[in-house]
$ cat target16.txt   # compact mmCIF, C-alpha atoms
# COMPACT_ATOMS: atom_id res chain seq x y z
CA MET A 279 -77.92 -198.83 30.01
CA SER A 280 -77.31 -195.96 32.44
CA TRP A 281 -79.32 -192.82 32.10
CA PHE A 282 -77.69 -189.42 32.16
CA LYS A 283 -78.58 -187.61 35.35
CA ARG A 284 -78.13 -183.90 35.34
CA LYS A 285 -77.80 -183.70 39.13
CA ASP A 286 -74.91 -186.15 39.09
CA GLN A 287 -73.02 -183.94 36.68
CA LYS A 288 -73.71 -180.84 38.78
CA PHE A 289 -74.27 -178.76 35.68
CA LYS A 290 -75.50 -175.21 36.10
CA ASP A 291 -77.81 -173.54 33.63
CA PRO A 292 -76.13 -170.26 32.67
CA LYS A 293 -79.49 -168.86 31.51
CA LYS A 294 -81.25 -169.46 34.85
CA LYS A 295 -81.79 -166.20 36.70
CA SER A 296 -82.63 -165.72 40.35
CA VAL A 297 -85.90 -163.98 41.17
CA PRO A 298 -85.20 -160.62 42.86
CA ASP A 299 -86.46 -160.24 46.40
CA GLY A 300 -89.55 -158.13 47.01
CA LEU A 301 -91.28 -158.86 43.69
CA TRP A 302 -93.96 -161.17 45.07
CA ASP A 303 -96.50 -160.97 47.89
CA LYS A 304 -98.84 -163.58 49.29
CA CYS A 305 -102.39 -162.39 49.84
CA PRO A 306 -103.33 -163.07 53.50
CA SER A 307 -107.00 -163.50 52.55
CA CYS A 308 -106.97 -165.83 49.53
CA THR A 309 -103.27 -166.99 49.66
CA GLU A 310 -102.74 -166.13 45.98
CA ILE A 311 -99.19 -165.17 45.03
CA LEU A 312 -99.24 -161.64 43.63
CA TYR A 313 -96.72 -159.86 41.43
CA ARG A 314 -96.03 -156.70 43.42
CA PRO A 315 -95.65 -154.21 40.52
CA GLU A 316 -99.02 -155.33 39.10
CA MET A 317 -100.62 -155.20 42.53
CA GLU A 318 -99.32 -151.67 43.11
CA LYS A 319 -100.90 -150.61 39.80
CA ASN A 320 -104.15 -151.89 41.32
CA LEU A 321 -103.71 -149.58 44.37
CA SER A 322 -102.28 -152.47 46.45
CA VAL A 323 -105.56 -154.38 46.24
CA CYS A 324 -105.63 -158.14 45.48
CA HIS A 325 -107.33 -158.63 42.10
CA HIS A 326 -108.50 -162.11 43.17
CA CYS A 327 -110.34 -161.34 46.41
CA ASP A 328 -110.28 -157.52 46.80
CA HIS A 329 -108.09 -157.68 49.92
CA HIS A 330 -106.79 -154.18 50.69
CA PHE A 331 -103.15 -154.29 51.76
CA ARG A 332 -101.79 -151.79 54.28
CA VAL A 333 -100.07 -148.96 52.43
CA ALA A 334 -97.93 -145.88 53.06
CA PRO A 335 -99.46 -142.38 53.21
CA ASP A 336 -98.07 -141.53 49.76
CA LEU A 337 -100.70 -143.73 48.12
CA TYR A 338 -103.57 -141.76 49.68
CA VAL A 339 -101.96 -138.45 48.75
CA ASP A 340 -101.77 -139.55 45.11
CA LEU A 341 -105.19 -141.19 45.23
CA LEU A 342 -107.22 -138.41 46.82
CA ILE A 343 -105.54 -135.04 46.23
CA ASP A 344 -105.50 -133.44 42.78
CA ALA A 345 -101.93 -133.49 41.46
CA GLY A 346 -99.94 -130.38 42.28
CA THR A 347 -102.48 -128.89 44.70
CA GLU A 348 -101.19 -130.38 47.96
CA THR A 349 -99.49 -128.34 50.70
CA HIS A 350 -97.91 -130.29 53.56
CA LEU A 351 -98.86 -128.63 56.87
CA PHE A 352 -97.34 -128.75 60.37
CA LYS A 353 -94.19 -130.51 59.16
CA ASN A 354 -92.05 -129.54 62.15
CA LEU A 355 -94.01 -131.37 64.86
CA GLU A 356 -91.89 -134.07 66.54
CA SER A 357 -92.44 -136.39 69.52
CA LYS A 358 -90.49 -136.02 72.75
CA ASP A 359 -89.77 -138.54 75.49
CA PHE A 360 -91.59 -136.62 78.23
CA LEU A 361 -91.51 -139.49 80.73
CA LYS A 362 -88.03 -140.91 79.95
CA PHE A 363 -89.94 -144.11 79.24
CA LYS A 364 -88.05 -147.39 79.11
CA ALA A 365 -89.43 -150.92 78.74
CA GLY A 366 -87.04 -153.26 76.98
CA LYS A 367 -86.18 -150.40 74.66
CA LYS A 368 -86.05 -146.69 75.39
CA TYR A 369 -88.88 -144.68 73.85
CA LYS A 370 -86.31 -142.18 72.61
CA ASP A 371 -84.63 -144.99 70.65
CA GLN A 372 -88.00 -146.19 69.32
CA ILE A 373 -88.68 -142.74 67.90
CA ILE A 374 -85.27 -142.64 66.19
CA ALA A 375 -85.77 -146.13 64.73
CA ALA A 376 -89.25 -145.21 63.45
CA LYS A 377 -87.93 -142.04 61.83
CA ASN A 378 -85.18 -144.00 60.09
CA LYS A 379 -87.60 -146.70 58.97
CA THR A 380 -90.30 -144.42 57.55
CA GLY A 381 -88.57 -141.14 56.77
CA GLU A 382 -91.37 -139.44 58.74
CA LYS A 383 -91.24 -137.31 61.89
CA ASP A 384 -94.28 -139.03 63.38
CA ALA A 385 -97.31 -141.19 62.59
CA ILE A 386 -99.36 -138.58 60.72
CA ARG A 387 -99.25 -136.12 57.83
CA VAL A 388 -101.69 -133.25 57.25
CA TYR A 389 -102.31 -131.63 53.86
CA GLU A 390 -104.34 -128.82 52.40
CA GLY A 391 -105.34 -129.61 48.83
CA LYS A 392 -108.12 -130.05 46.32
CA ILE A 393 -110.21 -133.18 45.81
CA ASN A 394 -111.71 -132.97 42.32
CA GLY A 395 -111.42 -129.21 42.57
CA LYS A 396 -112.89 -128.94 46.07
CA THR A 397 -110.54 -127.65 48.81
CA ALA A 398 -110.20 -129.85 51.89
CA ILE A 399 -107.84 -130.66 54.75
CA LEU A 400 -106.65 -134.28 54.63
CA ALA A 401 -104.78 -136.04 57.45
CA ILE A 402 -103.22 -139.47 56.85
CA MET A 403 -101.92 -141.81 59.57
CA ASN A 404 -98.93 -144.12 59.06
CA PHE A 405 -99.16 -147.54 60.73
CA ARG A 406 -95.45 -148.20 60.10
CA PHE A 407 -94.51 -145.45 62.57
CA ILE A 408 -94.77 -147.22 65.97
CA GLY A 409 -98.03 -148.86 64.93
CA GLY A 410 -99.63 -145.53 63.97
CA SER A 411 -99.96 -144.87 67.69
CA MET A 412 -101.55 -141.62 68.84
CA GLY A 413 -99.15 -139.56 70.93
CA SER A 414 -98.88 -135.84 71.54
CA VAL A 415 -97.83 -135.09 67.95
CA VAL A 416 -100.71 -137.01 66.37
CA GLY A 417 -103.20 -135.33 68.70
CA GLU A 418 -101.74 -131.89 68.01
CA ALA A 419 -101.63 -132.44 64.24
CA VAL A 420 -105.26 -133.63 64.17
CA SER A 421 -106.34 -130.67 66.33
CA ARG A 422 -104.51 -128.17 64.13
CA GLY A 423 -105.95 -129.81 61.02
CA ILE A 424 -109.48 -129.44 62.38
CA GLN A 425 -108.84 -125.80 63.29
CA LYS A 426 -107.40 -125.10 59.82
CA ALA A 427 -110.46 -126.66 58.18
CA GLY A 428 -112.66 -124.48 60.39
CA GLU A 429 -110.78 -121.32 59.44
CA LEU A 430 -111.05 -122.12 55.72
CA LYS A 431 -114.61 -123.45 56.09
CA VAL A 432 -113.72 -126.63 54.21
CA PRO A 433 -114.21 -130.36 55.00
CA PHE A 434 -111.76 -132.26 57.19
CA LEU A 435 -110.87 -135.83 56.17
CA LEU A 436 -108.76 -138.28 58.13
CA VAL A 437 -107.39 -141.64 56.95
CA CYS A 438 -107.11 -143.67 60.16
CA ALA A 439 -104.58 -146.49 60.65
CA SER A 440 -103.58 -147.05 64.26
CA GLY A 441 -103.04 -149.48 67.09
CA GLY A 442 -104.35 -146.89 69.54
CA ALA A 443 -102.88 -144.45 72.07
CA ARG A 444 -99.08 -144.35 72.40
CA MET A 445 -98.63 -145.68 75.90
CA GLN A 446 -94.95 -144.64 76.04
CA GLU A 447 -96.37 -141.14 76.63
CA GLY A 448 -98.70 -142.30 79.40
CA ALA A 449 -101.50 -139.91 80.37
CA ILE A 450 -100.29 -137.38 77.79
CA SER A 451 -101.34 -139.78 75.01
CA LEU A 452 -104.73 -140.39 76.64
CA MET A 453 -105.34 -136.64 76.83
CA GLN A 454 -105.32 -136.58 73.02
CA LEU A 455 -108.70 -138.38 72.97
CA ALA A 456 -110.35 -135.47 74.82
CA LYS A 457 -108.35 -132.86 72.93
CA THR A 458 -109.28 -134.06 69.44
CA SER A 459 -112.88 -134.83 70.40
CA THR A 460 -113.32 -131.31 71.78
CA GLN A 461 -111.97 -129.78 68.57
CA LEU A 462 -114.35 -131.92 66.51
CA ALA A 463 -117.29 -130.85 68.67
CA LYS A 464 -116.46 -127.17 68.01
CA PHE A 465 -115.96 -127.92 64.31
CA ALA A 466 -119.35 -129.65 64.08
CA LYS A 467 -121.10 -126.86 66.01
CA ASN A 468 -119.84 -124.40 63.39
CA GLY A 469 -121.18 -126.53 60.55
CA GLY A 470 -117.95 -128.30 59.56
CA LEU A 471 -118.02 -131.58 57.64
CA TYR A 472 -115.76 -134.36 59.01
CA ILE A 473 -115.26 -137.66 57.18
CA PRO A 474 -113.00 -140.33 58.73
CA ILE A 475 -111.79 -143.17 56.49
CA LEU A 476 -111.07 -146.27 58.58
CA THR A 477 -108.36 -148.57 57.21
CA ASP A 478 -106.75 -151.75 58.51
CA PRO A 479 -106.26 -151.51 61.46
CA THR A 480 -108.14 -148.80 63.35
CA THR A 481 -108.18 -149.72 67.03
CA GLY A 482 -107.78 -148.51 70.60
CA GLY A 483 -107.89 -144.81 71.45
CA VAL A 484 -108.26 -143.72 67.83
CA THR A 485 -111.49 -145.72 67.52
CA ALA A 486 -112.54 -144.33 70.90
CA SER A 487 -112.11 -140.74 69.71
CA TYR A 488 -111.88 -139.18 66.25
CA GLY A 489 -112.16 -142.48 64.39
CA MET A 490 -115.86 -142.79 65.21
CA LEU A 491 -116.94 -139.16 65.44
CA GLY A 492 -117.49 -138.49 61.75
CA ASP A 493 -120.55 -137.04 60.08
CA VAL A 494 -120.16 -139.87 57.57
CA ILE A 495 -117.86 -142.77 58.49
CA LEU A 496 -116.21 -144.61 55.60
CA ALA A 497 -114.14 -147.81 55.79
CA GLU A 498 -112.06 -149.89 53.42
CA PRO A 499 -113.17 -153.50 52.80
CA GLY A 500 -112.04 -156.01 55.41
CA ALA A 501 -110.49 -153.44 57.75
CA LEU A 502 -110.03 -154.42 61.41
CA ILE A 503 -111.93 -151.82 63.45
CA GLY A 504 -112.45 -151.96 67.20
CA PHE A 505 -111.29 -150.88 70.64
CA ALA A 506 -109.81 -153.95 72.32
CA GLY A 507 -108.50 -156.82 70.18
CA PRO A 508 -110.59 -159.93 69.45
CA ARG A 509 -108.36 -162.14 71.60
CA VAL A 510 -108.75 -159.86 74.64
CA ILE A 511 -112.54 -159.69 74.18
CA LYS A 512 -112.83 -163.46 73.82
CA GLN A 513 -110.82 -164.02 77.01
CA THR A 514 -112.90 -161.42 78.88
CA ILE A 515 -116.38 -162.68 77.97
CA GLY A 516 -115.41 -166.36 77.71
CA GLN A 517 -117.29 -166.85 74.43
CA ASP A 518 -116.43 -167.43 70.81
CA LEU A 519 -116.85 -164.32 68.67
CA PRO A 520 -119.07 -164.14 65.57
CA LYS A 521 -117.51 -164.74 62.18
CA GLY A 522 -116.04 -161.54 60.75
CA PHE A 523 -116.21 -159.82 64.14
CA GLN A 524 -114.64 -156.30 64.12
CA ARG A 525 -114.24 -156.25 60.35
CA SER A 526 -115.74 -153.36 58.40
CA GLU A 527 -118.50 -155.56 56.88
CA PHE A 528 -119.61 -156.61 60.38
CA LEU A 529 -119.62 -153.00 61.61
CA LEU A 530 -121.64 -151.85 58.59
CA GLU A 531 -124.26 -154.50 59.33
CA LYS A 532 -124.45 -153.33 62.96
CA GLY A 533 -124.67 -149.66 62.05
CA PHE A 534 -121.30 -148.47 63.36
CA ILE A 535 -120.08 -147.23 59.95
CA ASP A 536 -121.94 -145.75 56.99
CA HIS A 537 -120.21 -147.00 53.84
CA ILE A 538 -117.55 -149.51 52.77
CA VAL A 539 -115.56 -147.97 49.93
CA SER A 540 -112.83 -149.59 47.85
CA ARG A 541 -109.78 -147.49 47.04
CA SER A 542 -110.65 -147.29 43.37
CA GLU A 543 -113.97 -145.58 44.22
CA MET A 544 -112.86 -143.53 47.23
CA LYS A 545 -112.14 -140.20 45.58
CA GLU A 546 -115.47 -140.14 43.72
CA LYS A 547 -117.39 -141.17 46.85
CA ILE A 548 -115.75 -138.41 48.88
CA THR A 549 -116.39 -135.85 46.13
CA THR A 550 -120.08 -136.81 46.07
CA LEU A 551 -120.38 -136.54 49.86
CA ILE A 552 -118.71 -133.12 49.91
CA SER A 553 -121.02 -131.91 47.12
CA LEU A 554 -124.12 -133.13 48.95
CA LEU A 555 -123.20 -132.09 52.50
CA THR A 556 -121.54 -128.68 52.10

$ encode --input "target16.txt" --output "structure tokens"
Amino acid sequence: MSWFKRKDQKFKDPKKKSVPDGLWDKCPSCTEILYRPEMEKNLSVCHHCDHHFRVAPDLYVDLLIDAGTETHLFKNLESKDFLKFKAGKKYKDQIIAAKNKTGEKDAIRVYEGKINGKTAILAIMNFRFIGGSMGSVVGEAVSRGIQKAGELKVPFLLVCASGGARMQEGAISLMQLAKTSTQLAKFAKNGGLYIPILTDPTTGGVTASYGMLGDVILAEPGALIGFAGPRVIKQTIGQDLPKGFQRSEFLLEKGFIDHIVSRSEMKEKITTLISLLT
């Protein structure tokens, strides 16, 4: 007796539907397969292991600023190819590609708005724009944001996400470390409150400047935070690095940051800090 074999008949199930692309994500921490719409309802945080995915600036705008109170500042700032830089790909072409990819003019947005009724200036970096690198526009936007906060006598908050200084701008990008640090020093001298929020990743020149100059430094769980990368450090010192090295939990233990705050609690934590410190 021969058994009927569906594959031999090459039948197709008319009811079988293909799964649309982009509906599922794999968590890099616990490897669970996550349904993207459900994960986005959870602020792009894995509900199995609390891994915080990298997200676009829009999420932080919706999360932190009271609806309808935000004003987008300094929207016309755009990067220029000062050095006519070319290495495999022209910097000018990289800027165009990043603009097309993100719909942004550069790797940062600055807003004036209210956080639970309290006015603040909030800057948000975008890692998808050339790795959130800090060039002349990022440095200028941060500086103007600090100055605006000083004029209004309100707190300045900055969501950091960056690979560091934008080396396609050479020394001009490195000057932004001194520029932003000087503005923060003036802001602090006049009694201003500055709270950086370090997300994954915060590295290089951003860590070496405004990322670590806060009155209270917050970080998301599991965020990579450091200057040089772990691989470079390991090769330099010739030793294995401790478990969890350069993650926010490790930095909290060593005293480099003050609090680890999940996205779901971030707005309330910031509101409490503003109430206590202003």

$ atom_distance --input "target16.txt" --atom1 "CA of Glu546 in chain A" --atom2 "CA of Val484 in chain A"
25.4 Å

$ closest_residue --input "target16.txt" --among "A:Ala345, A:Ile548, A:Ala486, A:Ile408" --to "Ile374 in chain A" --atoms "only C-alpha atoms"
A:Ile408

$ residues_near_point --input "target16.txt" --point "(-121.6, -158.2, 63.1)" --cutoff "8 Å" --atoms "all atoms listed in the file" --output "number ranges by chain"
A: 520-524, 527-532

$ write_last_selection --input "target16.txt" --atoms "C-alpha atoms" --output "PDB file, in the frame of the given file"
ATOM      1  CA  PRO A 520    -119.070-164.140  65.570  1.00  0.00           C
ATOM      2  CA  LYS A 521    -117.510-164.740  62.180  1.00  0.00           C
ATOM      3  CA  GLY A 522    -116.040-161.540  60.750  1.00  0.00           C
ATOM      4  CA  PHE A 523    -116.210-159.820  64.140  1.00  0.00           C
ATOM      5  CA  GLN A 524    -114.640-156.300  64.120  1.00  0.00           C
ATOM      6  CA  GLU A 527    -118.500-155.560  56.880  1.00  0.00           C
ATOM      7  CA  PHE A 528    -119.610-156.610  60.380  1.00  0.00           C
ATOM      8  CA  LEU A 529    -119.620-153.000  61.610  1.00  0.00           C
ATOM      9  CA  LEU A 530    -121.640-151.850  58.590  1.00  0.00           C
ATOM     10  CA  GLU A 531    -124.260-154.500  59.330  1.00  0.00           C
ATOM     11  CA  LYS A 532    -124.450-153.330  62.960  1.00  0.00           C
TER      12      LYS A 532
END

$ residues_around --input "target16.txt" --residues "range 321-324 of chain A" --least-positions-apart "5" --cutoff "8 Å" --atoms "only C-alpha atoms" --output "list of chain:residue names"
A:Cys305, A:Leu312, A:His329, A:His330, A:Phe331, A:Arg332, A:Val333, A:Leu337, A:Arg541, A:Ser542

$ closest_residue --input "target16.txt" --among "A:Val437, A:Lys457, A:Glu429, A:Asp371" --to "Gly413 in chain A" --atoms "all atoms listed in the file"
A:Lys457

$ closest_residue --input "target16.txt" --among "A:Leu361, A:Val339, A:Ala334, A:Leu452" --to "Glu382 in chain A" --atoms "only C-alpha atoms"
A:Ala334

$ residues_around --input "target16.txt" --residues "His537 in chain A" --least-positions-apart "2" --cutoff "12 Å" --atoms "only C-alpha atoms" --output "PyMOL selection string"
chain A and resi 473-476+492-499+526-535+539-540+543-544+547-548+551

$ axis_aligned_box --input "target16.txt" --around "range 318-331 of chain A" --padding-each-side "8 Å" --output "AutoDock Vina command-line options"
--center_x -104.8 --center_y -155.8 --center_z 45.8 --size_x 27.0 --size_y 28.5 --size_z 28.0

$ closest_residue --input "target16.txt" --among "A:Gly489, A:Gly441, A:Gly470, A:Gly504" --to "Gly409 in chain A" --atoms "only C-alpha atoms"
A:Gly441

$ closest_residue --input "target16.txt" --among "A:Lys392, A:Lys467, A:Lys426, A:Lys379" --to "Asp340 in chain A" --atoms "all atoms listed in the file"
A:Lys392

$ residues_near_point --input "target16.txt" --point "(-100.8, -133.1, 72.5)" --cutoff "8 Å" --atoms "only C-alpha atoms" --output "PyMOL selection string"
chain A and resi 413-418+450-451+453-454+457

$ build_atoms --input "target16.txt" --residues "range 446-471 of chain A" --atoms "N, CA and C atoms" --output "mmCIF file, in the coordinates of the input"
data_model
loop_
_atom_site.group_PDB
_atom_site.id
_atom_site.type_symbol
_atom_site.label_atom_id
_atom_site.label_comp_id
_atom_site.auth_asym_id
_atom_site.auth_seq_id
_atom_site.Cartn_x
_atom_site.Cartn_y
_atom_site.Cartn_z
ATOM 1 N N GLN A 446 -96.254 -145.137 75.585
ATOM 2 C CA GLN A 446 -94.950 -144.640 76.040
ATOM 3 C C GLN A 446 -95.037 -143.195 76.509
ATOM 4 N N GLU A 447 -96.153 -142.516 76.170
ATOM 5 C CA GLU A 447 -96.370 -141.140 76.630
ATOM 6 C C GLU A 447 -97.396 -141.073 77.752
ATOM 7 N N GLY A 448 -97.834 -142.244 78.239
ATOM 8 C CA GLY A 448 -98.700 -142.300 79.400
ATOM 9 C C GLY A 448 -99.964 -141.465 79.269
ATOM 10 N N ALA A 449 -100.270 -140.704 80.333
ATOM 11 C CA ALA A 449 -101.500 -139.910 80.370
ATOM 12 C C ALA A 449 -101.520 -138.838 79.286
ATOM 13 N N ILE A 450 -100.342 -138.405 78.835
ATOM 14 C CA ILE A 450 -100.290 -137.380 77.790
ATOM 15 C C ILE A 450 -100.942 -137.915 76.511
ATOM 16 N N SER A 451 -100.709 -139.202 76.198
ATOM 17 C CA SER A 451 -101.340 -139.780 75.010
ATOM 18 C C SER A 451 -102.849 -139.896 75.192
ATOM 19 N N LEU A 452 -103.289 -140.245 76.387
ATOM 20 C CA LEU A 452 -104.730 -140.390 76.640
ATOM 21 C C LEU A 452 -105.444 -139.045 76.575
ATOM 22 N N MET A 453 -104.748 -137.977 76.905
ATOM 23 C CA MET A 453 -105.340 -136.640 76.830
ATOM 24 C C MET A 453 -105.702 -136.263 75.394
ATOM 25 N N GLN A 454 -105.050 -136.916 74.417
ATOM 26 C CA GLN A 454 -105.320 -136.580 73.020
ATOM 27 C C GLN A 454 -106.741 -136.985 72.602
ATOM 28 N N LEU A 455 -107.319 -137.990 73.273
ATOM 29 C CA LEU A 455 -108.700 -138.380 72.970
ATOM 30 C C LEU A 455 -109.641 -137.215 73.252
ATOM 31 N N ALA A 456 -109.490 -136.600 74.446
ATOM 32 C CA ALA A 456 -110.350 -135.470 74.820
ATOM 33 C C ALA A 456 -110.049 -134.249 73.954
ATOM 34 N N LYS A 457 -108.767 -134.034 73.691
ATOM 35 C CA LYS A 457 -108.350 -132.860 72.930
ATOM 36 C C LYS A 457 -108.935 -132.860 71.514
ATOM 37 N N THR A 458 -108.782 -133.982 70.818
ATOM 38 C CA THR A 458 -109.280 -134.060 69.440
ATOM 39 C C THR A 458 -110.805 -134.090 69.404
ATOM 40 N N SER A 459 -111.411 -134.761 70.363
ATOM 41 C CA SER A 459 -112.880 -134.830 70.400
ATOM 42 C C SER A 459 -113.493 -133.456 70.650
ATOM 43 N N THR A 460 -112.830 -132.668 71.503
ATOM 44 C CA THR A 460 -113.320 -131.310 71.780
ATOM 45 C C THR A 460 -113.234 -130.441 70.528
ATOM 46 N N GLN A 461 -112.127 -130.554 69.803
ATOM 47 C CA GLN A 461 -111.970 -129.780 68.570
ATOM 48 C C GLN A 461 -113.027 -130.174 67.539
ATOM 49 N N LEU A 462 -113.323 -131.468 67.456
ATOM 50 C CA LEU A 462 -114.350 -131.920 66.510
ATOM 51 C C LEU A 462 -115.734 -131.425 66.906
ATOM 52 N N ALA A 463 -115.989 -131.364 68.208
ATOM 53 C CA ALA A 463 -117.290 -130.850 68.670
ATOM 54 C C ALA A 463 -117.462 -129.391 68.264
ATOM 55 N N LYS A 464 -116.410 -128.580 68.423
ATOM 56 C CA LYS A 464 -116.460 -127.170 68.010
ATOM 57 C C LYS A 464 -116.636 -127.061 66.500
ATOM 58 N N PHE A 465 -115.905 -127.914 65.770
ATOM 59 C CA PHE A 465 -115.960 -127.920 64.310
ATOM 60 C C PHE A 465 -117.386 -128.246 63.835
ATOM 61 N N ALA A 466 -117.993 -129.249 64.455
ATOM 62 C CA ALA A 466 -119.350 -129.650 64.080
ATOM 63 C C ALA A 466 -120.361 -128.563 64.422
ATOM 64 N N LYS A 467 -120.178 -127.918 65.580
ATOM 65 C CA LYS A 467 -121.100 -126.860 66.010
ATOM 66 C C LYS A 467 -121.106 -125.703 65.018
ATOM 67 N N ASN A 468 -119.954 -125.476 64.370
ATOM 68 C CA ASN A 468 -119.840 -124.400 63.390
ATOM 69 C C ASN A 468 -120.163 -124.847 61.968
ATOM 70 N N GLY A 469 -120.722 -126.055 61.853
ATOM 71 C CA GLY A 469 -121.180 -126.530 60.550
ATOM 72 C C GLY A 469 -120.143 -127.242 59.716
ATOM 73 N N GLY A 470 -119.012 -127.628 60.305
ATOM 74 C CA GLY A 470 -117.950 -128.300 59.560
ATOM 75 C C GLY A 470 -118.306 -129.735 59.210
ATOM 76 N N LEU A 471 -117.809 -130.202 58.081
ATOM 77 C CA LEU A 471 -118.020 -131.580 57.640
ATOM 78 C C LEU A 471 -116.758 -132.393 57.917
#
